[in-house]
Amino acid sequence: MTPASSALGEQTGGASGTSWFYNPRVRGVVFQVLVVAFLFGMLAFFAYNAKINLERAGIASGLGFLSERAGFDISQTLVQYTNDSSYFRAFLVGLLNTLLVAAIGILIATVLGFIVGISRLSKNFVIRQLATWYVELLRNIPLLLQLLFWYKAVLSVLPSPRQSLEPLSGVFLNNRGLILPEIVGQPGSSLIGYALIAAIAGAFGLSRWARKRQLATGKQFPSGFVGLGLILGLPLLAFLLAGMPMELAYAELKGFNFRGGVVVNPEFMALLLGLSLYTAAFIAEIVRAGILAVSHGQTEAAFSLGLRPRRTLQLVVIPQAMRVIIPPLTSQYLNLTKNSSLAVAIGYPDLVAVFAGTVLNQTGQAVEVIIITMLVYLTLSLLTSGFMNWYNARMALVER
């Protein structure tokens with residue numbers, strides 16, 4: 001070895017001892033570890049500080065308050081609840097109310113958004129302009145104002161129960177809400193529920209079979225209409241075979257209000273209308289953009305094969321547009337679920353109003369209540385995102 005090479009080796013070896021600091025990968029790991037340690041340190045500091053302040057104020061920490069008596073009523077409950085129930089029961093009521101308005105709102109907003117989005121591309125001038133005005137009007141008015149409009153300016157000015165509107169026989173609409181007949185089950189009515197579950201499972205299996213059959217042979221099967229007929233027909237057949245074991249119990253006006261029936265509160269109706277119509281305006285623009293993203297050559301090729309415009313939209317345009325629509329559509333579903341927390345402004349007993357409002361004020365367990373509420377919304381968002389990501393992966397193009 002020459003003296004020059006030996007000197008070069010010593011110089012390289014000396015530099016290798018400090019080269020880890022100049023290695024981007026090692027330096028990135030070190031910085032990430034430091035950031036994570038800093039975040040955990042801040043969280044520990046805040047937790048310790050909150051514990052000291054709670055002890056100083058004489059407020060017990062922990063989740064033991066959930067088993068204590070709530071002592072307040074809730075206007076809408078999907079499960080049995082009284083003022084003697086626990087705070088955990090009140091939390092469950094608020095959570096179910098949030099899930100109810102979010103699920104129905106997503107369904108209505110999706111259907112309405114697709115209709116309006118397709119209508120914006122209609123060749124009919126009147127339909128196109130009406131859809132455009134709908135989108136531009138509702139998208140640019142704050143959601144809170146829309147909720148107050150439906151609650152204060154529309155539902156609150158309805159007539160009193162004695163002068164109720166009766167759009168259908170046995171259905172009443174007044175400033176106390178929408179009163180519907182109650183379905184009362186008789187012995188044997190459980191057969192109808194089993195028939196409905198079997199019909200839904202059969203429709204799902206039929207859809208999968210029709211898809212595989214079309215991929216294998218190219219032949220189409222009207223699985224949508226057949227599945228819908230199955231879902232409607234099988235429970236009806238079970239209803240007839242069981243001797244019609246159900247009856248309607250109509251509400252009756254007694255004194256100043258109706259007794260009996262199923263009451264849909266005006267707060268729920270206002271929240272549902274506001275969330276659905278507002279979100280549908282954004283979904284309409286997503287649908288319109290997704291359809292425009294499909295190459296016009298696809299439509300021309302479908303027309304050249306003899307497909308009519310409706311079938312072209314159903315079989316060619318929409319399936320390809322869904323790959324563009326689904327990702328932003330997920331964001332709108334998340335927004336609708338989180339925007340339901342505005343229900344506190346109109347008195348709807350959702351999770352925020354019941355748990356982060358009344359329960360927090362009565363117990364003083366601010367840290368625990370707020371953390372639980374945030375975790376609930378985080379969980380709902382992650383579940384929604386996970387499902388939509390799974391659906392998006394199913395709709396993605398598969399390389400052969």
# chains A, B, ... in the order shown; residues from 1 in each chain; ligands from 1

call {"tool": "select_by_dssp", "arguments": {"residues": "range 126-346 of chain A", "states": "strand (DSSP E)", "output": "list in words"}}
result
Leu165, Glu166, Pro167, Leu168, Val171, Phe172, Leu173, Asn174, Gly177, Leu178, Ile179, Leu180, Glu182, Ile183, Val184, Gly185, Met246, Glu247, Leu248, Ala249, Glu252, Leu253, Lys254, Asn257, Phe258, Arg259, Val262, Val263 and Val264 of chain A

call {"tool": "residues_around", "arguments": {"residues": "range 276-280 of chain A", "least_positions_apart": "5", "cutoff": "9 Å", "atoms": "only C-alpha atoms", "output": "list of chain:residue names"}}
result
A:Ile104, A:Gly105, A:Ile106, A:Leu107, A:Ile108, A:Ala109, A:Thr110, A:Val111, A:Leu112, A:Gly113, A:Phe114, A:Val116, A:Gly117, A:Val135, A:Leu138, A:Arg139, A:Ile141, A:Pro142, A:Leu143, A:Gln146, A:Leu271, A:Glu285, A:Gln332, A:Tyr333, A:Asn335, A:Leu336

call {"tool": "write_last_selection", "arguments": {"atoms": "N, CA, C and O atoms", "output": "CSV table (one decimal), in the first residue's frame"}}
result
chain,number,residue,atom,x,y,z
A,104,ILE,N,-79.4,8.8,7.6
A,104,ILE,CA,-80.5,9.2,6.7
A,104,ILE,C,-80.1,10.4,5.9
A,104,ILE,O,-80.4,10.5,4.7
A,105,GLY,N,-79.3,11.4,6.5
A,105,GLY,CA,-78.8,12.5,5.7
A,105,GLY,C,-77.9,12.1,4.6
A,105,GLY,O,-78.0,12.7,3.5
A,106,ILE,N,-77.0,11.2,4.8
A,106,ILE,CA,-76.1,10.7,3.8
A,106,ILE,C,-76.9,10.1,2.6
A,106,ILE,O,-76.6,10.3,1.4
A,107,LEU,N,-77.9,9.3,3.0
A,107,LEU,CA,-78.7,8.6,1.9
A,107,LEU,C,-79.4,9.7,1.1
A,107,LEU,O,-79.4,9.6,-0.2
A,108,ILE,N,-80.1,10.6,1.7
A,108,ILE,CA,-80.9,11.6,1.0
A,108,ILE,C,-79.9,12.5,0.2
A,108,ILE,O,-80.2,12.8,-1.0
A,109,ALA,N,-78.8,13.0,0.8
A,109,ALA,CA,-77.9,13.9,0.1
A,109,ALA,C,-77.3,13.2,-1.1
A,109,ALA,O,-77.1,13.8,-2.2
A,110,THR,N,-77.0,11.9,-1.0
A,110,THR,CA,-76.4,11.2,-2.1
A,110,THR,C,-77.4,11.1,-3.3
A,110,THR,O,-77.0,11.4,-4.5
A,111,VAL,N,-78.6,10.7,-3.0
A,111,VAL,CA,-79.6,10.5,-4.1
A,111,VAL,C,-79.9,11.9,-4.7
A,111,VAL,O,-79.9,12.0,-6.0
A,112,LEU,N,-80.2,12.9,-3.9
A,112,LEU,CA,-80.5,14.2,-4.4
A,112,LEU,C,-79.3,14.8,-5.1
A,112,LEU,O,-79.4,15.5,-6.2
A,113,GLY,N,-78.1,14.6,-4.6
A,113,GLY,CA,-76.9,15.2,-5.3
A,113,GLY,C,-76.7,14.6,-6.6
A,113,GLY,O,-76.3,15.3,-7.6
A,114,PHE,N,-76.9,13.3,-6.8
A,114,PHE,CA,-76.7,12.6,-8.1
A,114,PHE,C,-77.8,13.2,-9.1
A,114,PHE,O,-77.5,13.4,-10.3
A,116,VAL,N,-79.3,16.1,-9.0
A,116,VAL,CA,-79.0,17.5,-9.4
A,116,VAL,C,-77.8,17.6,-10.2
A,116,VAL,O,-77.7,18.4,-11.2
A,117,GLY,N,-76.8,16.8,-9.9
A,117,GLY,CA,-75.5,16.8,-10.7
A,117,GLY,C,-75.8,16.4,-12.1
A,117,GLY,O,-75.2,17.1,-13.1
A,135,VAL,N,-77.7,24.7,-6.7
A,135,VAL,CA,-76.3,24.5,-6.3
A,135,VAL,C,-75.8,25.8,-5.8
A,135,VAL,O,-75.2,25.9,-4.7
A,138,LEU,N,-77.6,27.2,-2.4
A,138,LEU,CA,-77.4,26.5,-1.1
A,138,LEU,C,-76.0,26.4,-0.7
A,138,LEU,O,-75.6,26.3,0.4
A,139,ARG,N,-75.1,26.3,-1.7
A,139,ARG,CA,-73.6,26.2,-1.4
A,139,ARG,C,-73.1,27.5,-0.7
A,139,ARG,O,-72.1,27.5,0.0
A,141,ILE,N,-74.8,29.8,1.2
A,141,ILE,CA,-75.5,30.2,2.4
A,141,ILE,C,-74.9,29.3,3.5
A,141,ILE,O,-75.0,28.1,3.4
A,142,PRO,N,-74.4,29.9,4.6
A,142,PRO,CA,-73.9,29.1,5.7
A,142,PRO,C,-74.9,28.1,6.2
A,142,PRO,O,-76.1,28.4,6.3
A,143,LEU,N,-74.4,26.9,6.6
A,143,LEU,CA,-75.3,25.9,7.0
A,143,LEU,C,-76.1,26.2,8.3
A,143,LEU,O,-77.3,25.9,8.4
A,146,GLN,N,-79.1,28.1,7.3
A,146,GLN,CA,-80.1,27.2,6.7
A,146,GLN,C,-80.8,26.4,7.8
A,146,GLN,O,-82.1,26.2,7.7
A,271,LEU,N,-83.0,19.7,11.1
A,271,LEU,CA,-81.6,19.3,10.9
A,271,LEU,C,-81.4,18.4,9.7
A,271,LEU,O,-80.4,18.6,9.0
A,285,GLU,N,-72.0,19.0,-7.5
A,285,GLU,CA,-70.8,19.5,-8.3
A,285,GLU,C,-69.8,18.4,-8.4
A,285,GLU,O,-69.1,18.3,-9.5
A,332,GLN,N,-67.4,14.7,1.7
A,332,GLN,CA,-68.8,15.2,2.0
A,332,GLN,C,-69.5,14.4,3.0
A,332,GLN,O,-70.2,14.9,3.9
A,333,TYR,N,-69.3,13.1,3.0
A,333,TYR,CA,-70.0,12.2,4.0
A,333,TYR,C,-69.4,12.6,5.4
A,333,TYR,O,-70.1,12.6,6.4
A,335,ASN,N,-68.1,15.4,6.3
A,335,ASN,CA,-68.5,16.8,6.6
A,335,ASN,C,-70.0,16.7,7.2
A,335,ASN,O,-70.3,17.4,8.1
A,336,LEU,N,-70.8,15.9,6.5
A,336,LEU,CA,-72.2,15.9,7.0
A,336,LEU,C,-72.3,15.3,8.4
A,336,LEU,O,-73.0,15.8,9.2

call {"tool": "residues_around", "arguments": {"residues": "range 302-315 of chain A", "least_positions_apart": "3", "cutoff": "12 Å", "atoms": "only C-alpha atoms", "output": "short mmCIF file (atom, residue, chain, number, x, y, z; two decimals) with N, CA, C and O atoms, in the first residue's frame"}}
result
data_model
loop_
_atom_site.label_atom_id
_atom_site.label_comp_id
_atom_site.auth_asym_id
_atom_site.auth_seq_id
_atom_site.Cartn_x
_atom_site.Cartn_y
_atom_site.Cartn_z
N ILE A 118 -76.55 15.39 -12.35
CA ILE A 118 -76.87 14.98 -13.72
C ILE A 118 -77.76 16.02 -14.39
O ILE A 118 -77.62 16.30 -15.59
N LEU A 121 -76.20 18.89 -16.30
CA LEU A 121 -75.69 18.60 -17.64
C LEU A 121 -76.81 18.31 -18.62
O LEU A 121 -76.55 17.89 -19.75
N SER A 122 -78.05 18.53 -18.20
CA SER A 122 -79.20 18.26 -19.06
C SER A 122 -79.24 19.24 -20.24
O SER A 122 -78.82 20.40 -20.13
N LYS A 123 -79.77 18.77 -21.37
CA LYS A 123 -79.95 19.63 -22.52
C LYS A 123 -81.20 20.50 -22.40
O LYS A 123 -81.39 21.43 -23.18
N GLN A 220 -76.38 -9.41 -19.91
CA GLN A 220 -76.84 -8.66 -18.76
C GLN A 220 -78.07 -9.31 -18.15
O GLN A 220 -78.86 -9.96 -18.85
N ILE A 291 -68.61 13.26 -14.20
CA ILE A 291 -69.15 12.92 -15.51
C ILE A 291 -68.37 13.63 -16.61
O ILE A 291 -68.05 13.04 -17.67
N LEU A 292 -68.02 14.89 -16.39
CA LEU A 292 -67.25 15.63 -17.39
C LEU A 292 -65.84 15.08 -17.54
O LEU A 292 -65.19 15.31 -18.57
N VAL A 294 -65.09 12.00 -17.82
CA VAL A 294 -65.12 10.84 -18.73
C VAL A 294 -64.98 11.35 -20.16
O VAL A 294 -65.67 12.30 -20.58
N SER A 295 -64.11 10.73 -20.91
CA SER A 295 -63.86 11.15 -22.29
C SER A 295 -65.14 11.11 -23.12
O SER A 295 -65.94 10.18 -23.02
N HIS A 296 -65.33 12.15 -23.92
CA HIS A 296 -66.52 12.20 -24.76
C HIS A 296 -66.53 11.06 -25.78
O HIS A 296 -67.59 10.66 -26.27
N GLY A 297 -65.33 10.54 -26.08
CA GLY A 297 -65.27 9.43 -27.02
C GLY A 297 -65.98 8.19 -26.49
O GLY A 297 -66.47 7.37 -27.28
N GLN A 298 -66.04 8.02 -25.17
CA GLN A 298 -66.76 6.89 -24.58
C GLN A 298 -68.25 6.97 -24.90
O GLN A 298 -68.89 5.97 -25.22
N THR A 299 -68.80 8.17 -24.79
CA THR A 299 -70.22 8.36 -25.12
C THR A 299 -70.47 8.11 -26.60
O THR A 299 -71.45 7.45 -26.98
N ILE A 318 -71.47 6.67 -15.89
CA ILE A 318 -71.46 6.66 -14.42
C ILE A 318 -70.42 5.70 -13.85
O ILE A 318 -69.68 6.06 -12.92
N PRO A 319 -70.31 4.44 -14.35
CA PRO A 319 -69.28 3.54 -13.78
C PRO A 319 -67.87 4.10 -13.89
O PRO A 319 -67.05 3.92 -12.98
N GLN A 320 -67.56 4.79 -14.98
CA GLN A 320 -66.22 5.38 -15.11
C GLN A 320 -66.09 6.64 -14.27
O GLN A 320 -65.02 6.93 -13.73
N ALA A 321 -67.17 7.40 -14.17
CA ALA A 321 -67.13 8.63 -13.38
C ALA A 321 -67.01 8.34 -11.89
O ALA A 321 -66.48 9.17 -11.14
N MET A 322 -67.48 7.19 -11.43
CA MET A 322 -67.43 6.87 -10.01
C MET A 322 -66.00 6.85 -9.49
O MET A 322 -65.75 7.15 -8.32
#

call {"tool": "residues_around", "arguments": {"residues": "Ala251 in chain A", "least_positions_apart": "3", "cutoff": "9 Å", "atoms": "only C-alpha atoms", "output": "mmCIF file with N, CA and C atoms, in the first residue's frame"}}
result
data_model
loop_
_atom_site.group_PDB
_atom_site.id
_atom_site.type_symbol
_atom_site.label_atom_id
_atom_site.label_comp_id
_atom_site.auth_asym_id
_atom_site.auth_seq_id
_atom_site.Cartn_x
_atom_site.Cartn_y
_atom_site.Cartn_z
ATOM 1 N N GLY A 170 -104.510 10.048 8.380
ATOM 2 C CA GLY A 170 -103.802 9.562 9.550
ATOM 3 C C GLY A 170 -102.430 10.161 9.739
ATOM 4 N N VAL A 171 -102.002 11.052 8.837
ATOM 5 C CA VAL A 171 -100.705 11.725 8.932
ATOM 6 C C VAL A 171 -100.958 13.203 9.190
ATOM 7 N N PHE A 172 -100.379 13.746 10.258
ATOM 8 C CA PHE A 172 -100.630 15.123 10.662
ATOM 9 C C PHE A 172 -99.313 15.894 10.743
ATOM 10 N N ILE A 179 -96.666 13.707 12.729
ATOM 11 C CA ILE A 179 -97.242 12.578 13.469
ATOM 12 C C ILE A 179 -97.655 11.511 12.465
ATOM 13 N N LEU A 180 -97.095 10.323 12.605
ATOM 14 C CA LEU A 180 -97.351 9.204 11.702
ATOM 15 C C LEU A 180 -98.033 8.078 12.456
ATOM 16 N N PRO A 181 -98.793 7.229 11.754
ATOM 17 C CA PRO A 181 -99.376 6.055 12.420
ATOM 18 C C PRO A 181 -98.278 5.102 12.891
ATOM 19 N N GLU A 182 -98.505 4.472 14.016
ATOM 20 C CA GLU A 182 -97.538 3.522 14.559
ATOM 21 C C GLU A 182 -97.884 2.111 14.117
ATOM 22 N N PHE A 258 -101.570 15.654 20.225
ATOM 23 C CA PHE A 258 -101.920 14.312 19.794
ATOM 24 C C PHE A 258 -101.321 13.294 20.754
ATOM 25 N N ARG A 259 -102.013 12.210 20.941
ATOM 26 C CA ARG A 259 -101.541 11.091 21.747
ATOM 27 C C ARG A 259 -101.453 9.851 20.865
ATOM 28 N N GLY A 260 -100.371 9.109 21.036
ATOM 29 C CA GLY A 260 -100.177 7.922 20.224
ATOM 30 C C GLY A 260 -99.458 8.246 18.927
ATOM 31 N N GLY A 261 -99.232 7.229 18.122
ATOM 32 C CA GLY A 261 -98.537 7.417 16.858
ATOM 33 C C GLY A 261 -97.045 7.617 17.043
ATOM 34 N N VAL A 262 -96.378 7.875 15.955
ATOM 35 C CA VAL A 262 -94.937 8.129 15.945
ATOM 36 C C VAL A 262 -94.726 9.602 15.628
#

call {"tool": "closest_residue", "arguments": {"among": "A:Val359, A:Leu272, A:Leu248, A:Ile197", "to": "Arg69 in chain A", "atoms": "only C-alpha atoms"}}
result
A:Val359

call {"tool": "atom_distance", "arguments": {"atom1": "CA of Val316 in chain A", "atom2": "CA of Asn389 in chain A"}}
result
22.2 Å
